[in-house]
Each structure stands twice: as C-alpha cells, then as structure tokens.
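One file, upload.csv, carrying CSV, C-alpha atoms:
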chain,number,residue,atom,x,y,z
A,924,MET,CA,-3.2,18.4,-12.4
A,925,LYS,CA,-4.5,21.4,-10.6
A,926,LEU,CA,-6.2,19.4,-7.9
A,927,LEU,CA,-2.9,17.8,-6.8
A,928,GLU,CA,-0.9,21.1,-7.2
A,929,ASP,CA,-3.4,22.9,-5.0
A,930,LYS,CA,-3.2,20.1,-2.3
A,931,ILE,CA,0.6,20.3,-2.4
A,932,ARG,CA,0.5,24.1,-2.0
A,933,ARG,CA,-1.9,23.8,1.0
A,934,GLU,CA,-0.4,20.8,2.8
A,935,GLY,CA,3.1,20.2,1.5
A,936,LYS,CA,6.1,21.1,3.8
A,937,ILE,CA,9.6,21.9,2.6
A,938,LEU,CA,12.4,20.5,4.6
A,939,ASP,CA,16.0,21.5,4.2
A,940,GLY,CA,15.2,23.3,1.0
A,941,SER,CA,14.9,20.1,-1.2
A,942,ILE,CA,12.7,17.6,0.6
A,943,LEU,CA,9.0,18.0,-0.1
A,944,LYS,CA,7.0,16.3,2.6
A,945,VAL,CA,3.5,15.3,1.6
A,946,SER,CA,2.9,12.8,4.4
A,947,SER,CA,-0.4,14.4,5.4
A,948,PHE,CA,-2.2,13.1,2.3
A,949,LEU,CA,0.0,10.9,0.1
A,950,ASN,CA,2.5,8.7,1.7
A,951,HIS,CA,2.0,8.3,5.4
A,952,GLN,CA,-1.5,9.6,6.0
A,953,MET,CA,-3.5,9.2,2.8
A,954,ASP,CA,-6.5,11.1,1.5
A,955,PRO,CA,-8.5,8.2,-0.1
A,956,GLU,CA,-10.8,10.5,-2.2
A,957,LEU,CA,-7.8,12.3,-3.6
A,958,ILE,CA,-5.9,9.1,-4.3
A,959,MET,CA,-8.8,7.6,-6.2
A,960,GLN,CA,-9.0,10.7,-8.3
A,961,LEU,CA,-5.3,10.6,-9.1
A,962,GLY,CA,-5.8,6.9,-10.1
A,963,GLU,CA,-8.6,8.0,-12.4
A,964,GLU,CA,-6.4,10.6,-14.0
A,965,PHE,CA,-3.7,8.0,-14.7
A,966,ALA,CA,-6.4,5.8,-16.2
A,967,ARG,CA,-7.6,8.7,-18.4
A,968,ARG,CA,-4.1,9.5,-19.7
A,969,PHE,CA,-3.3,5.8,-20.5
A,970,ALA,CA,-6.8,4.9,-21.6
A,971,ASN,CA,-5.8,3.9,-25.1
A,972,ASP,CA,-2.7,2.0,-24.2
A,973,LYS,CA,-4.3,-1.4,-23.5
A,974,VAL,CA,-2.7,-1.7,-20.1
A,975,THR,CA,-2.9,-5.2,-18.7
A,976,LYS,CA,-1.2,-4.7,-15.4
A,977,ILE,CA,0.0,-2.0,-13.0
A,978,LEU,CA,3.4,-2.4,-11.3
A,979,THR,CA,4.6,-0.4,-8.4
A,980,ILE,CA,7.0,-0.8,-5.5
A,981,GLU,CA,6.2,-1.0,-1.8
A,982,SER,CA,5.2,0.9,0.2
A,983,SER,CA,4.1,4.3,-0.8
A,984,GLY,CA,3.2,3.5,-4.4
A,985,ILE,CA,0.7,0.9,-3.4
A,986,ALA,CA,-2.3,3.1,-2.8
A,987,LEU,CA,-1.9,5.0,-6.1
A,988,ALA,CA,-1.4,1.8,-8.0
A,989,LEU,CA,-4.5,0.3,-6.5
A,990,ALA,CA,-6.5,3.4,-7.5
A,991,ALA,CA,-5.0,3.2,-11.1
A,992,GLY,CA,-5.7,-0.5,-11.3
A,993,TYR,CA,-9.3,0.0,-10.1
A,994,ALA,CA,-9.9,2.7,-12.7
A,995,LEU,CA,-8.2,0.7,-15.5
A,996,ARG,CA,-9.7,-2.6,-14.4
A,997,ALA,CA,-6.3,-4.2,-14.3
A,998,PRO,CA,-4.5,-6.2,-11.6
A,999,VAL,CA,-1.9,-4.4,-9.5
A,1000,VAL,CA,1.5,-5.9,-8.6
A,1001,PHE,CA,3.8,-4.4,-6.0
A,1002,ALA,CA,7.4,-5.3,-6.1
A,1003,LYS,CA,8.8,-6.2,-2.6
A,1004,LYS,CA,11.9,-4.7,-1.2
A,1005,HIS,CA,13.1,-7.8,0.6
A,1006,ARG,CA,12.8,-11.4,-0.3
A,1007,SER,CA,10.5,-12.7,2.5
A,1008,SER,CA,10.0,-16.3,3.4
A,1009,ASN,CA,6.6,-16.2,1.7
A,1010,VAL,CA,8.1,-15.4,-1.7
A,1011,PHE,CA,9.1,-18.7,-3.2
A,1012,GLY,CA,9.9,-20.2,-6.5
A,1013,ASP,CA,10.9,-18.1,-9.6
A,1014,VAL,CA,11.3,-14.4,-9.2
A,1015,TYR,CA,12.5,-11.5,-11.1
A,1016,GLN,CA,14.8,-9.3,-9.1
A,1017,THR,CA,17.2,-6.4,-9.2
A,1018,THR,CA,18.9,-4.0,-6.9
A,1019,VAL,CA,17.8,-0.4,-6.4
A,1020,HIS,CA,19.7,2.3,-4.5
A,1021,SER,CA,17.6,4.4,-2.2
A,1022,TYR,CA,19.0,7.9,-1.6
A,1023,THR,CA,16.4,8.5,1.0
A,1024,HIS,CA,17.6,5.6,3.1
A,1025,GLY,CA,21.2,5.6,1.9
A,1026,MET,CA,21.2,1.9,1.1
A,1027,ASP,CA,20.7,-0.7,-1.7
A,1028,TYR,CA,17.8,-3.1,-1.5
A,1029,ASN,CA,16.6,-6.0,-3.5
A,1030,VAL,CA,13.4,-5.5,-5.5
A,1031,VAL,CA,11.6,-8.7,-6.2
A,1032,VAL,CA,8.5,-9.8,-8.1
A,1033,GLU,CA,7.3,-13.4,-8.3
A,1034,SER,CA,7.7,-14.3,-12.0
A,1035,GLU,CA,4.1,-15.6,-12.4
A,1036,PHE,CA,2.8,-12.1,-11.9
A,1037,LEU,CA,4.7,-10.5,-14.9
A,1038,CYS,CA,4.2,-12.2,-18.2
A,1039,PRO,CA,5.5,-11.8,-21.7
A,1040,GLY,CA,2.8,-9.8,-23.6
A,1041,ASP,CA,1.9,-7.8,-20.5
A,1042,ARG,CA,1.5,-4.1,-21.2
A,1043,ILE,CA,2.6,-2.6,-17.9
A,1044,LEU,CA,1.9,0.8,-16.4
A,1045,LEU,CA,4.4,1.7,-13.8
A,1046,VAL,CA,3.0,3.8,-10.9
A,1047,ASP,CA,4.8,5.6,-8.1
A,1048,ASP,CA,4.2,8.5,-5.7
A,1049,PHE,CA,7.5,10.3,-6.4
A,1050,LEU,CA,10.0,10.6,-9.2
A,1051,ALA,CA,13.4,12.2,-8.3
A,1052,ASN,CA,16.5,10.4,-9.4
A,1053,GLY,CA,14.6,7.7,-11.2
A,1054,LYS,CA,16.3,4.7,-9.5
A,1055,ALA,CA,13.0,3.1,-8.4
A,1056,LEU,CA,11.5,3.4,-12.0
A,1057,GLU,CA,14.8,2.0,-13.4
A,1058,GLY,CA,14.4,-1.0,-11.1
A,1059,LEU,CA,10.8,-1.6,-12.2
A,1060,LEU,CA,11.8,-1.3,-15.8
A,1061,GLU,CA,14.5,-3.9,-15.3
A,1062,LEU,CA,11.8,-6.3,-13.8
A,1063,VAL,CA,9.6,-5.7,-16.8
A,1064,ARG,CA,12.5,-6.4,-19.2
A,1065,GLN,CA,13.3,-9.6,-17.4
A,1066,ALA,CA,9.7,-10.7,-17.8
A,1067,GLY,CA,9.7,-10.0,-21.5
A,1068,ALA,CA,6.8,-7.6,-21.0
A,1069,GLU,CA,6.4,-4.0,-22.2
A,1070,ALA,CA,6.2,-0.8,-20.2
A,1071,VAL,CA,3.7,1.5,-21.8
A,1072,GLY,CA,4.7,4.3,-19.5
A,1073,ALA,CA,4.9,5.6,-15.9
A,1074,GLY,CA,2.2,7.4,-13.9
A,1075,ILE,CA,3.8,9.6,-11.2
A,1076,ALA,CA,2.1,11.7,-8.6
A,1077,ILE,CA,4.9,14.2,-8.0
A,1078,GLU,CA,8.0,14.6,-10.1
A,1079,LYS,CA,10.9,16.7,-8.8
A,1080,GLY,CA,11.7,18.4,-12.1
A,1081,PHE,CA,15.0,19.8,-10.6
A,1082,GLN,CA,16.3,16.3,-10.3
A,1083,GLU,CA,17.4,14.4,-13.3
A,1084,GLY,CA,15.5,11.1,-13.2
A,1085,GLY,CA,12.5,12.1,-15.3
A,1086,ASN,CA,14.4,13.7,-18.1
A,1087,LEU,CA,16.9,10.9,-18.3
A,1088,LEU,CA,14.2,8.3,-18.5
A,1089,ARG,CA,12.2,10.3,-21.1
A,1090,LYS,CA,15.4,10.5,-23.2
A,1091,ASP,CA,15.5,6.7,-23.1
A,1092,GLY,CA,12.0,6.7,-24.6
A,1093,LEU,CA,9.8,6.1,-21.5
A,1094,ARG,CA,6.5,8.0,-21.5
A,1095,ILE,CA,6.1,9.6,-18.1
A,1096,GLU,CA,2.9,11.3,-17.0
A,1097,SER,CA,3.6,13.3,-13.8
A,1098,LEU,CA,0.5,14.9,-12.3
A,1099,ALA,CA,2.6,17.6,-10.7
A,1100,ILE,CA,6.1,18.6,-11.6
A,1101,VAL,CA,7.9,20.7,-9.0
A,1102,GLU,CA,10.3,23.0,-10.8
A,1103,LYS,CA,11.7,24.7,-7.7
A,1104,MET,CA,11.1,25.4,-4.1
A,1105,GLU,CA,12.0,28.7,-2.5
A,1106,GLY,CA,11.4,29.3,1.1
A,1107,SER,CA,7.9,28.1,1.6
A,1108,ASP,CA,6.9,28.6,-2.1
A,1109,ILE,CA,6.5,25.7,-4.5
A,1110,PHE,CA,6.7,26.4,-8.2
A,1111,PHE,CA,5.2,23.9,-10.7
A,1112,LYS,CA,6.0,23.3,-14.3
A,1113,GLN,CA,3.1,24.4,-16.6
A,1114,GLN,CA,1.6,21.4,-18.3
A,1115,ASN,CA,-1.1,21.0,-20.9
A,1116,GLU,CA,-3.8,18.6,-19.6
B,815,MET,CA,-17.8,-13.2,3.4
B,816,LYS,CA,-18.6,-15.6,0.7
B,817,LEU,CA,-17.0,-13.6,-2.1
B,818,LEU,CA,-13.6,-13.7,-0.3
B,819,GLU,CA,-13.9,-17.4,0.8
B,820,ASP,CA,-14.6,-18.4,-2.8
B,821,LYS,CA,-11.6,-16.4,-4.0
B,822,ILE,CA,-9.4,-18.1,-1.4
B,823,ARG,CA,-10.7,-21.5,-2.4
B,824,ARG,CA,-10.0,-20.8,-6.1
B,825,GLU,CA,-6.7,-19.1,-5.8
B,826,GLY,CA,-5.2,-19.7,-2.4
B,827,LYS,CA,-2.2,-22.1,-2.1
B,828,ILE,CA,-1.3,-24.0,1.0
B,829,LEU,CA,2.5,-24.2,1.7
B,830,ASP,CA,4.0,-26.5,4.4
B,831,GLY,CA,0.5,-27.2,5.8
B,832,SER,CA,0.1,-23.9,7.6
B,833,ILE,CA,1.1,-21.0,5.3
B,834,LEU,CA,-1.8,-19.7,3.2
B,835,LYS,CA,-0.5,-18.0,0.1
B,836,VAL,CA,-2.9,-15.5,-1.4
B,837,SER,CA,-0.4,-13.4,-3.3
B,838,SER,CA,-2.3,-13.7,-6.6
B,839,PHE,CA,-5.0,-11.3,-5.4
B,840,LEU,CA,-4.3,-9.9,-1.9
B,841,ASN,CA,-0.7,-9.1,-1.0
B,842,HIS,CA,1.6,-9.2,-3.9
B,843,GLN,CA,-0.6,-9.1,-6.9
B,844,MET,CA,-3.9,-7.4,-6.0
B,845,ASP,CA,-7.4,-7.6,-7.5
B,846,PRO,CA,-8.5,-4.0,-7.2
B,847,GLU,CA,-12.2,-4.7,-7.6
B,848,LEU,CA,-12.2,-7.3,-4.9
B,849,ILE,CA,-10.2,-5.1,-2.6
B,850,MET,CA,-12.6,-2.2,-3.0
B,851,GLN,CA,-15.4,-4.6,-2.2
B,852,LEU,CA,-13.7,-5.8,1.0
B,853,GLY,CA,-13.3,-2.2,2.0
B,854,GLU,CA,-17.0,-1.6,1.5
B,855,GLU,CA,-17.7,-4.6,3.7
B,856,PHE,CA,-15.5,-3.2,6.5
B,857,ALA,CA,-17.4,0.1,6.1
B,858,ARG,CA,-20.7,-1.7,6.3
B,859,ARG,CA,-19.8,-3.5,9.5
B,860,PHE,CA,-18.4,-0.4,11.2
B,861,ALA,CA,-20.9,2.1,9.7
B,862,ASN,CA,-22.3,3.1,13.1
B,863,ASP,CA,-19.0,3.4,14.9
B,864,LYS,CA,-18.2,7.0,13.9
B,865,VAL,CA,-14.7,6.0,12.6
B,866,THR,CA,-12.5,9.1,12.1
B,867,LYS,CA,-9.4,7.3,10.9
B,868,ILE,CA,-8.1,4.0,9.5
B,869,LEU,CA,-4.8,2.7,10.8
B,870,THR,CA,-2.8,-0.1,9.1
B,871,ILE,CA,0.8,-1.2,8.8
B,872,GLU,CA,2.9,-1.3,5.7
B,873,SER,CA,2.9,-2.9,3.3
B,874,SER,CA,0.2,-5.4,2.6
B,875,GLY,CA,-2.5,-3.7,4.7
B,876,ILE,CA,-2.3,-0.5,2.7
B,877,ALA,CA,-4.6,-1.4,-0.2
B,878,LEU,CA,-7.3,-2.7,2.1
B,879,ALA,CA,-7.0,0.3,4.4
B,880,LEU,CA,-7.3,2.7,1.5
B,881,ALA,CA,-10.5,0.8,0.3
B,882,ALA,CA,-12.0,1.0,3.8
B,883,GLY,CA,-11.1,4.7,4.1
B,884,TYR,CA,-12.6,5.5,0.8
B,885,ALA,CA,-15.8,3.7,1.7
B,886,LEU,CA,-15.9,5.3,5.2
B,887,ARG,CA,-14.7,8.7,3.9
B,888,ALA,CA,-12.0,8.7,6.5
B,889,PRO,CA,-8.2,9.4,6.2
B,890,VAL,CA,-5.9,6.4,6.2
B,891,VAL,CA,-2.6,6.2,8.1
B,892,PHE,CA,-0.1,3.5,7.6
B,893,ALA,CA,2.5,2.8,10.3
B,894,LYS,CA,6.0,2.5,8.9
B,895,LYS,CA,8.2,-0.3,9.8
B,896,HIS,CA,11.5,1.7,9.9
B,897,ARG,CA,12.2,5.2,10.9
B,898,SER,CA,13.2,6.8,7.7
B,899,SER,CA,14.9,10.1,7.3
B,900,ASN,CA,11.6,11.6,6.1
B,901,VAL,CA,9.9,10.9,9.4
B,902,PHE,CA,10.8,13.6,11.8
B,903,GLY,CA,9.6,15.3,14.9
B,904,ASP,CA,7.3,13.6,17.3
B,905,VAL,CA,6.4,10.0,16.7
B,906,TYR,CA,4.5,7.2,18.4
B,907,GLN,CA,6.5,4.0,18.2
B,908,THR,CA,6.6,0.4,19.4
B,909,THR,CA,8.3,-2.8,18.6
B,910,VAL,CA,6.6,-5.7,16.8
B,911,HIS,CA,7.9,-9.2,16.3
B,912,SER,CA,7.4,-10.7,12.9
B,913,TYR,CA,7.2,-14.5,12.9
B,914,THR,CA,7.2,-14.5,9.1
B,915,HIS,CA,10.5,-12.7,8.9
B,916,GLY,CA,12.0,-13.9,12.2
B,917,MET,CA,12.8,-10.4,13.5
B,918,ASP,CA,11.7,-7.4,15.5
B,919,TYR,CA,11.0,-4.1,13.8
B,920,ASN,CA,10.1,-0.7,14.9
B,921,VAL,CA,6.6,0.5,14.0
B,922,VAL,CA,6.3,4.3,13.8
B,923,VAL,CA,3.5,6.8,13.2
B,924,GLU,CA,4.1,10.6,13.2
B,925,SER,CA,2.2,11.8,16.2
B,926,GLU,CA,0.3,14.5,14.3
B,927,PHE,CA,-1.6,11.8,12.4
B,928,LEU,CA,-3.2,10.1,15.5
B,929,CYS,CA,-5.0,12.4,17.8
B,930,PRO,CA,-6.8,12.1,21.2
B,931,GLY,CA,-10.5,11.7,20.3
B,932,ASP,CA,-9.8,9.8,17.1
B,933,ARG,CA,-12.0,6.7,16.7
B,934,ILE,CA,-9.7,4.4,14.9
B,935,LEU,CA,-10.5,1.3,12.8
B,936,LEU,CA,-7.5,-1.0,12.5
B,937,VAL,CA,-7.2,-2.8,9.1
B,938,ASP,CA,-4.9,-5.6,8.0
B,939,ASP,CA,-4.8,-8.4,5.5
B,940,PHE,CA,-4.0,-11.2,7.9
B,941,LEU,CA,-4.5,-11.9,11.6
B,942,ALA,CA,-2.5,-14.9,13.0
B,943,ASN,CA,-0.6,-14.4,16.2
B,944,GLY,CA,-1.9,-10.9,16.6
B,945,LYS,CA,1.4,-9.2,17.1
B,946,ALA,CA,0.9,-6.6,14.4
B,947,LEU,CA,-2.6,-5.6,15.8
B,948,GLU,CA,-1.1,-5.4,19.3
B,949,GLY,CA,1.5,-3.0,18.0
B,950,LEU,CA,-1.1,-0.8,16.3
B,951,LEU,CA,-3.2,-0.9,19.5
B,952,GLU,CA,-0.2,0.4,21.4
B,953,LEU,CA,0.2,3.3,19.0
B,954,VAL,CA,-3.5,4.1,19.5
B,955,ARG,CA,-3.0,4.0,23.2
B,956,GLN,CA,0.0,6.3,23.1
B,957,ALA,CA,-2.0,8.8,21.1
B,958,GLY,CA,-4.9,8.8,23.6
B,959,ALA,CA,-7.2,7.7,20.8
B,960,GLU,CA,-9.7,4.9,20.8
B,961,ALA,CA,-9.7,1.7,18.7
B,962,VAL,CA,-13.3,0.9,17.6
B,963,GLY,CA,-12.2,-2.4,16.3
B,964,ALA,CA,-10.2,-4.3,13.6
B,965,GLY,CA,-11.2,-5.2,10.1
B,966,ILE,CA,-9.2,-8.2,8.9
B,967,ALA,CA,-9.4,-9.9,5.5
B,968,ILE,CA,-8.2,-13.4,6.5
B,969,GLU,CA,-7.9,-14.6,10.1
B,970,LYS,CA,-6.1,-17.9,10.8
B,971,GLY,CA,-8.6,-19.2,13.4
B,972,PHE,CA,-6.2,-22.0,14.4
B,973,GLN,CA,-3.7,-19.4,15.7
B,974,GLU,CA,-4.3,-17.7,18.9
B,975,GLY,CA,-4.1,-14.0,18.1
B,976,GLY,CA,-7.8,-13.3,17.3
B,977,ASN,CA,-9.2,-15.0,20.3
B,978,LEU,CA,-6.7,-13.4,22.7
B,979,LEU,CA,-7.5,-10.0,21.4
B,980,ARG,CA,-11.2,-10.6,21.5
B,981,LYS,CA,-10.8,-11.6,25.2
B,982,ASP,CA,-9.1,-8.3,25.8
B,983,GLY,CA,-12.2,-6.6,24.4
B,984,LEU,CA,-11.3,-5.8,20.9
B,985,ARG,CA,-14.0,-6.1,18.3
B,986,ILE,CA,-12.6,-8.0,15.3
B,987,GLU,CA,-14.4,-8.4,12.1
B,988,SER,CA,-12.6,-11.0,10.0
B,989,LEU,CA,-14.1,-11.4,6.5
B,990,ALA,CA,-12.8,-15.0,6.3
B,991,ILE,CA,-11.7,-17.2,9.2
B,992,VAL,CA,-9.7,-20.2,8.2
B,993,GLU,CA,-10.4,-23.0,10.7
B,994,LYS,CA,-8.1,-25.6,9.3
B,995,MET,CA,-6.3,-26.6,6.1
B,996,GLU,CA,-5.9,-30.2,5.1
B,997,GLY,CA,-4.1,-31.2,2.0
B,998,SER,CA,-5.4,-28.7,-0.5
B,999,ASP,CA,-8.7,-28.1,1.3
B,1000,ILE,CA,-9.4,-25.0,3.2
B,1001,PHE,CA,-12.2,-25.0,5.9
B,1002,PHE,CA,-13.8,-21.7,7.0
B,1003,LYS,CA,-15.5,-20.9,10.2
B,1004,GLN,CA,-19.3,-20.3,9.7
B,1005,GLN,CA,-20.2,-16.7,10.4
B,1006,ASN,CA,-23.4,-14.8,10.4
B,1007,GLU,CA,-23.2,-11.9,8.0
What's the structure tokens form of this structure?
Amino acid sequence: MKLLEDKIRREGKILDGSILKVSSFLNHQMDPELIMQLGEEFARRFANDKVTKILTIESSGIALALAAGYALRAPVVFAKKHRSSNVFGDVYQTTVHSYTHGMDYNVVVESEFLCPGDRILLVDDFLANGKALEGLLELVRQAGAEAVGAGIAIEKGFQEGGNLLRKDGLRIESLAIVEKMEGSDIFFKQQNE
Amino acid sequence: MKLLEDKIRREGKILDGSILKVSSFLNHQMDPELIMQLGEEFARRFANDKVTKILTIESSGIALALAAGYALRAPVVFAKKHRSSNVFGDVYQTTVHSYTHGMDYNVVVESEFLCPGDRILLVDDFLANGKALEGLLELVRQAGAEAVGAGIAIEKGFQEGGNLLRKDGLRIESLAIVEKMEGSDIFFKQQNE
C-alpha cells in the first residue's frame, strides 16, 4: 500500500540494521487519519470473507484493529498479555514468546468473546517471527472459531514468520512488506493491489 | 451521555459490589461504532481548546484516544507501561500505582512526542482513584506542555480521584459518572450535556 510505504520511508528509523522504528505514527505516537485508512484497506481486502470479529493483541495492535472493525462493522477483541484480576471465569489462553522483550507471556481472551462459528480476522501492527499470530491462531482454535486471515501493517519479509504461516494455509495481507534495509534505505516487496 | 449510560445499563456487570465490568464493549471486546461516537463527543466538548495532541496510557485507553484524535484531527500518543527495548533515547517517565493489579509500574513516553507548547487532552476509559491521570499529568508537566483537560468514558463518582483532580484545577469531562451500584442497578450522576 503506497500510502503506508511512503509514510515508512519518510518517518521510519532503522536501528541496529534490523529494527524498524515507526513510533512516530504507528505504535507509540499514532496518526489517526492514517490508521483509519489502513483499517479501511483491511476491510476492502477481506470484504467478501464474512468477518464476524476482529482479534488482536495488546497494545500496539489495538488501534489498527479498531479501525478495521469500524470499517467492517464487526466487534474487536484484544487479547490481554496478563491475566488481570478483572478477567474472570472461562478464558482461552496460550503462551507467546516475545523476542522484543526476551520473555514469555500469557495471552488471554475471555471465552465469551470468541465463539464457535466466528469468522475471525487477525490484525496486528507487525509481523516478524510470527509468534504473536501463532498465539492468536491458537486462541481461535481453542474457541472452535475460524481465522479467515490476518491483516498486518508492516511485515518484515526478511524474517520467516509470514512465509511459515502462509505455508500453513493462513491468508496474510500485509500492507507493506519490508524486503531489506540498507543504511537508511528501506526496500519494499512489490505487491499487486 | 445517554448513549453510553444505556449501554452500561444493558451490558455492564457488577462484580463484588464495586467492580464495574464493561469488557463486552469497552476494554476487552470493543464496539467500534460506539467508541468512535465517544471520541466524537470528546471532540465536541473540547472543540474550542486548540488541542494539539491526545495522550493516553496503554492498553484500554488506546481505542478511545484514537477515536478522539481522529475527531479532533490530532496525533495520539500512548504512554507505555514498561520500558521496552524499542524505546530509546530521551523519555519522560513516572511511576503509577495500579490498584487493579496491586503493583507499581513505570509509565514512559519518548520525549520527542510531547513538546513544550502542546495542548494536551488526556483520555482514558476509567477514572476511579485518579492515579493514571496523575501519572499522565506528570508526563505533561515534565514536557513543559499544557493539559487542557481529561476525557473519560466512565468515572466512578464514589471514588475520590475525579473530585481531587477537579479541585486541583483539571477540567474533567466524564461521559458517564457512576454514583452508586446496588445489586444489579447502576445509578448515574445527572449531567447537563
């Protein structure tokens, strides 16, 4: 999606050669107009998939998921990373390893919010090693629901998560796929839109 | 705001007499249409305050803040609760005590995203003891910016946070103020809208 690629080129910062920092518009400071447009693009790509619910993971997926849910007129659920005292009763949960934070954490959704028959669109800001998506897919499986696909803002094409999950049959729509970063240059994979 | 009060009456659950659970539409599962309308209401109430930025705290404030930022055409910043490896350089930070989780945590914003001269609208889903808002106000103070007020979805009027902060001069616009909860009944403070 050219709009997003242009924004990444203008405002993205490359740290240590492999970390792409987009915190000026996507996951710390957020550009609401852009995020609503990304949500509309997810909705366009999954318009015929009878999505009944959006599922993401706190925190940086929430805004994109809201935007997608607004455009698709579907409720949005965000999985929580810790079981708080306000989460009670039956839950679906799994463990996800975060490379960014170097730790495992529990990912929890109250079971009443994912139902058999739900057709779920997964949404997240980044896809790199795919561990977060795998965790969300496990929650969908536990619920007896179906994942119609994943809408990702930025995929790091040089990490393996996206291709492994595609091989497993998941449809992934990444609005920008970074193929490589050299110095301060960012190269995107060409996509037909 | 009648729309929100009605939704709370229909879907809110009271736990242990004092916990109001609204996770079916506000802070676990989210109703995107409702949340965008709450954002528009914040925008209406602060329309003349020359807001340059929205500030909230992860995770459950993010959706509301995005909605407010979209309506006010202002960027949204969410303070992070842990210093992750992707947050680098200069930051503003403070400590906030969470009664819900029974712990202190660090609240961090990269300093480039809060500037002297910024006119900041604080947004959060709940106001109870006021500790989260106090933390955000401290970040605004560190930045040399100005808080024009706070937009809150649900204030627990029977806890002290709101009134203490109002006494300190903060303008707080709470879209629903719960005065008391008895059995399964929720009573709201009458407000002129």
Excluding Ile980 in chain A and any residue of its chain fewer than 4 positions from it, enumerate the residues within 8 Å of it, using only C-alpha atoms, and give them as a PDB file with C-alpha atoms, in the coordinates of the input.
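File written: part_4.pdb
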ATOM      1  CA  GLY A 984       3.200   3.500  -4.400  1.00  0.00           C
ATOM      2  CA  ILE A 985       0.700   0.900  -3.400  1.00  0.00           C
ATOM      3  CA  PHE A1001       3.800  -4.400  -6.000  1.00  0.00           C
ATOM      4  CA  ALA A1002       7.400  -5.300  -6.100  1.00  0.00           C
ATOM      5  CA  LYS A1003       8.800  -6.200  -2.600  1.00  0.00           C
ATOM      6  CA  LYS A1004      11.900  -4.700  -1.200  1.00  0.00           C
ATOM      7  CA  VAL A1030      13.400  -5.500  -5.500  1.00  0.00           C
ATOM      8  CA  ASP A1047       4.800   5.600  -8.100  1.00  0.00           C
ATOM      9  CA  ALA A1055      13.000   3.100  -8.400  1.00  0.00           C
ATOM     10  CA  LEU A1059      10.800  -1.600 -12.200  1.00  0.00           C
TER      11      LEU A1059
END
Next item on the list: Within 7 Å of range 1087-1099 of chain A, counting all atoms listed in the file, which residues show up once you throw out same-chain ones fewer than 4 positions away? Write them as a ChimeraX atom specification, please.
Entry: /A:924,927-928,1072-1078,1083,1111
Report the closest atom pair, with its distance in Å rounded to one decimal, for each residue of chain B that has an atom no farther than 8 Å from chain A; count only C-alpha atoms, sort by chain and then rising residue number, and write it as a tab-separated table.
residue	atom	partner	partner_atom	distance
B:Lys835	CA	A:Asn1009	CA	7.5
B:Ser838	CA	A:Phe1036	CA	7.5
B:His842	CA	A:Phe1001	CA	5.7
B:Gln843	CA	A:Val1000	CA	4.2
B:Met844	CA	A:Val999	CA	5.0
B:Asp845	CA	A:Pro998	CA	5.2
B:Pro846	CA	A:Tyr993	CA	5.0
B:Glu847	CA	A:Tyr993	CA	6.1
B:Glu872	CA	A:Ser982	CA	6.4
B:Ser873	CA	A:Ser982	CA	5.4
B:Ile876	CA	A:Ala986	CA	6.6
B:Ala877	CA	A:Ala986	CA	5.7
B:Leu880	CA	A:Pro955	CA	5.9
B:Ala881	CA	A:Pro955	CA	7.7
B:Gly883	CA	A:Pro955	CA	6.1
B:Tyr884	CA	A:Pro955	CA	5.0
B:Arg887	CA	A:Pro955	CA	7.4
B:Ala888	CA	A:Pro955	CA	7.5
B:Pro889	CA	A:Asp954	CA	5.3
B:Val890	CA	A:Met953	CA	5.0
B:Val891	CA	A:Gln952	CA	4.1
B:Phe892	CA	A:His951	CA	5.7
B:Ala893	CA	A:His951	CA	7.4
B:Lys894	CA	A:His951	CA	7.9
B:Ser898	CA	A:His1024	CA	6.5
B:Ser899	CA	A:Thr1023	CA	6.7
B:Asn900	CA	A:Lys944	CA	7.4
B:Thr914	CA	A:Ser1008	CA	6.6
B:His915	CA	A:Ser1007	CA	6.4
B:Phe927	CA	A:Gln952	CA	6.8
Next item on the list: For CA of Leu1050 in chain A and CA of Ala1068 in chain A, quote the distance in Å rounded to one decimal.
Entry: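 Going from CA of Leu1050 in chain A over to CA of Ala1068 in chain A, I get 21.9 Å.
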Margin query: So the first atom is CA of Thr870 in chain B and the second is CA of Gly958 in chain B; what is the distance between them in Å, to one decimal place?
Written below: 17.1 Å
Notebook entry, point to check: So how far away is CA of Gly1012 in chain A from CA of Leu1045 in chain A, in Å?
Noted result: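 Those two atoms sit 23.7 Å apart.
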Margin query: Counting all atoms listed in the file, I want the residues whose atoms come within 10 Å of (1.9, 6.2, 21.0) in the file frame, returned as a PyMOL selection string.
Written below: chain B and resi 904-908+922-925+928-929+949-959
Since the input lacks atoms, please generate N, CA and C atoms for range 992-1004 of chain A and provide them as an mmCIF file, keeping the file's coordinate frame.
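The result, stored in out25.cif:
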data_model
loop_
_atom_site.group_PDB
_atom_site.id
_atom_site.type_symbol
_atom_site.label_atom_id
_atom_site.label_comp_id
_atom_site.auth_asym_id
_atom_site.auth_seq_id
_atom_site.Cartn_x
_atom_site.Cartn_y
_atom_site.Cartn_z
ATOM 1 N N GLY A 992 -5.272 0.842 -10.894
ATOM 2 C CA GLY A 992 -5.700 -0.500 -11.300
ATOM 3 C C GLY A 992 -7.255 -0.583 -11.271
ATOM 4 N N TYR A 993 -7.842 0.041 -10.252
ATOM 5 C CA TYR A 993 -9.300 0.000 -10.100
ATOM 6 C C TYR A 993 -9.927 0.756 -11.319
ATOM 7 N N ALA A 994 -9.358 1.909 -11.654
ATOM 8 C CA ALA A 994 -9.900 2.700 -12.700
ATOM 9 C C ALA A 994 -9.681 2.047 -14.108
ATOM 10 N N LEU A 995 -8.557 1.360 -14.257
ATOM 11 C CA LEU A 995 -8.200 0.700 -15.500
ATOM 12 C C LEU A 995 -8.703 -0.733 -15.594
ATOM 13 N N ARG A 996 -9.293 -1.211 -14.485
ATOM 14 C CA ARG A 996 -9.700 -2.600 -14.400
ATOM 15 C C ARG A 996 -8.588 -3.579 -14.725
ATOM 16 N N ALA A 997 -7.440 -3.319 -14.115
ATOM 17 C CA ALA A 997 -6.300 -4.200 -14.300
ATOM 18 C C ALA A 997 -5.687 -4.587 -12.988
ATOM 19 N N PRO A 998 -5.152 -5.788 -12.892
ATOM 20 C CA PRO A 998 -4.500 -6.200 -11.600
ATOM 21 C C PRO A 998 -3.295 -5.342 -11.311
ATOM 22 N N VAL A 999 -2.986 -5.267 -10.041
ATOM 23 C CA VAL A 999 -1.900 -4.400 -9.500
ATOM 24 C C VAL A 999 -0.849 -5.360 -8.891
ATOM 25 N N VAL A 1000 0.407 -5.165 -9.223
ATOM 26 C CA VAL A 1000 1.500 -5.900 -8.600
ATOM 27 C C VAL A 1000 2.397 -4.954 -7.872
ATOM 28 N N PHE A 1001 2.715 -5.246 -6.606
ATOM 29 C CA PHE A 1001 3.800 -4.400 -6.000
ATOM 30 C C PHE A 1001 5.014 -5.231 -5.786
ATOM 31 N N ALA A 1002 6.129 -4.690 -6.277
ATOM 32 C CA ALA A 1002 7.400 -5.300 -6.100
ATOM 33 C C ALA A 1002 7.792 -5.177 -4.590
ATOM 34 N N LYS A 1003 8.398 -6.219 -4.052
ATOM 35 C CA LYS A 1003 8.800 -6.200 -2.600
ATOM 36 C C LYS A 1003 10.235 -5.875 -2.486
ATOM 37 N N LYS A 1004 10.516 -5.198 -1.380
ATOM 38 C CA LYS A 1004 11.900 -4.700 -1.200
ATOM 39 C C LYS A 1004 12.800 -5.732 -0.548
#
